[in-house]
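J.: Attaching a single structure in structure tokens format; questions to follow.
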Amino acid sequence: MRIGLVTATAVVAVAGAAQAQSGSAWGYFETDGAPLQAGLTSPEGGQLILKCDETGDNSVFAVIVSPQELRPSTTRPQVRSLWLEFDGGNREEVRWRYYESSVMALNTRRDRNLMPFLEQMVDAENLEIRFDPEDTQPFNITFNVSGAREAIERVFESCEDTSGLS
């Protein structure tokens with residue numbers, strides 16, 4: 001499961017148009033035969049994307065594309081710390097899969113980071129993420145996640161994933 005830059009760029013392009021129309025920060029992208037993706041961009045150039053590659057339970061995942069490199073390129077992810085802060089609350093340390101320029105949260109038997117993340121984001125307005133890159137200084141990016149509940153529900157429905165929010 002990896003997200004391509006083309007997919008992330010497409011979500012960004014659609015996100016701007018959707019925000020202008022609905023007032024929500026979330027944009028939606030759908031290609032022929034593929035499930036819906038939802039995403040948004042940060043002022044720093046980061047992207048937050050909810051999607052699935054295949055339909056079915058536990059198929060939805062979250063990807064945060066970083067504007068900066070996070071680690072050297074390899075074929076396998078590295079599990080590292082990431083700090084999430086919703087609406088100026090407590091900063092919580094979580095462990096996500098780090099790739100070269102993105103991090104990922106899954107909902108699998110071995111990796112249960114997605115649902116706690118979505119449950120916190122569903123009613124939040126702002127999300128600040130602190131990255132811990134392998135060879136550079138930590139840095140933050142922020143997102144306006146208003147309207148996350150609708151985005152989450154639409155992606156889970158399109159992905160036919162019944163493990164979504166209760």
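In the structure tokens, chains take the letters A, B, ... in the order shown, each chain's residues start at 1, and ligands count up from 1 in the order shown.
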Pick out the residues sitting within 6 Å of segment 38-54 of chain A, and hand them over as a VMD selection string; count only C-alpha atoms, and ignore anything fewer than 3 positions along from it in its own chain.
T.: chain A and resid 11 15 26 to 28 59 to 67 142 to 143 151
J.: Kindly save the residues from that selection, with C-alpha atoms included, as an mmCIF file, in the first residue's frame.
T.:
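Output contents, as saved in selection_33.cif:
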data_model
loop_
_atom_site.group_PDB
_atom_site.id
_atom_site.type_symbol
_atom_site.label_atom_id
_atom_site.label_comp_id
_atom_site.auth_asym_id
_atom_site.auth_seq_id
_atom_site.Cartn_x
_atom_site.Cartn_y
_atom_site.Cartn_z
ATOM 1 C CA VAL A 11 -6.699 15.104 -4.622
ATOM 2 C CA ALA A 15 -9.679 19.815 -2.808
ATOM 3 C CA TRP A 26 -12.058 18.466 2.110
ATOM 4 C CA GLY A 27 -11.925 17.680 -1.584
ATOM 5 C CA TYR A 28 -12.922 14.457 -3.298
ATOM 6 C CA SER A 59 -9.340 -1.363 3.551
ATOM 7 C CA VAL A 60 -9.388 2.382 4.312
ATOM 8 C CA PHE A 61 -6.111 4.000 5.304
ATOM 9 C CA ALA A 62 -4.779 7.506 5.896
ATOM 10 C CA VAL A 63 -1.716 8.955 4.207
ATOM 11 C CA ILE A 64 -0.030 12.218 5.122
ATOM 12 C CA VAL A 65 2.283 13.402 2.379
ATOM 13 C CA SER A 66 5.065 15.553 3.756
ATOM 14 C CA PRO A 67 6.449 18.641 2.033
ATOM 15 C CA THR A 142 -1.107 21.900 10.175
ATOM 16 C CA PHE A 143 -4.439 21.077 8.565
ATOM 17 C CA ALA A 151 -15.155 12.873 4.328
#
J.: Write out as an MDAnalysis selection string each polymer residue whose atoms come within 6 Å of Val79 of chain A, counting only C-alpha atoms; drop sequence neighbours fewer than 4 positions from it.
T.: chainID A and resid 96:98
J.: Determine the nearest neighbour of Asn58 of chain A from the options A:Asp87, A:Glu93, A:Asp111, A:Glu128, counting only C-alpha atoms.
T.: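 Using only C-alpha atoms, Asn58 of chain A sits closest to A:Asp111.
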J.: Using only C-alpha atoms, which of the listed residues (A:Ser163, A:Thr136, A:Gln37, A:Ser73) sits closest to Met115 of chain A?
T.: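 For Met115 of chain A, the nearest of the given residues is A:Ser163.
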J.: Going by DSSP on the backbone, which residues of segment 85-165 of chain A come out as strand (DSSP E or B)? List them as number ranges by chain.
T.: A: 85-86, 92-98, 102-105, 107, 112, 126-131, 139-144
J.: Might you pull out every residue within 10 Å of Gln78 of chain A, with only C-alpha atoms counted and same-chain residues fewer than 2 positions away left off, and present them as number ranges by chain?
T.: A: 71, 74-76, 80-81, 95-100, 103, 134
J.: For Ser158 of chain A, which of A:Pro138, A:Gly88, A:Pro77, A:Gly56 is the closest residue, counting only C-alpha atoms?
T.: A:Gly56
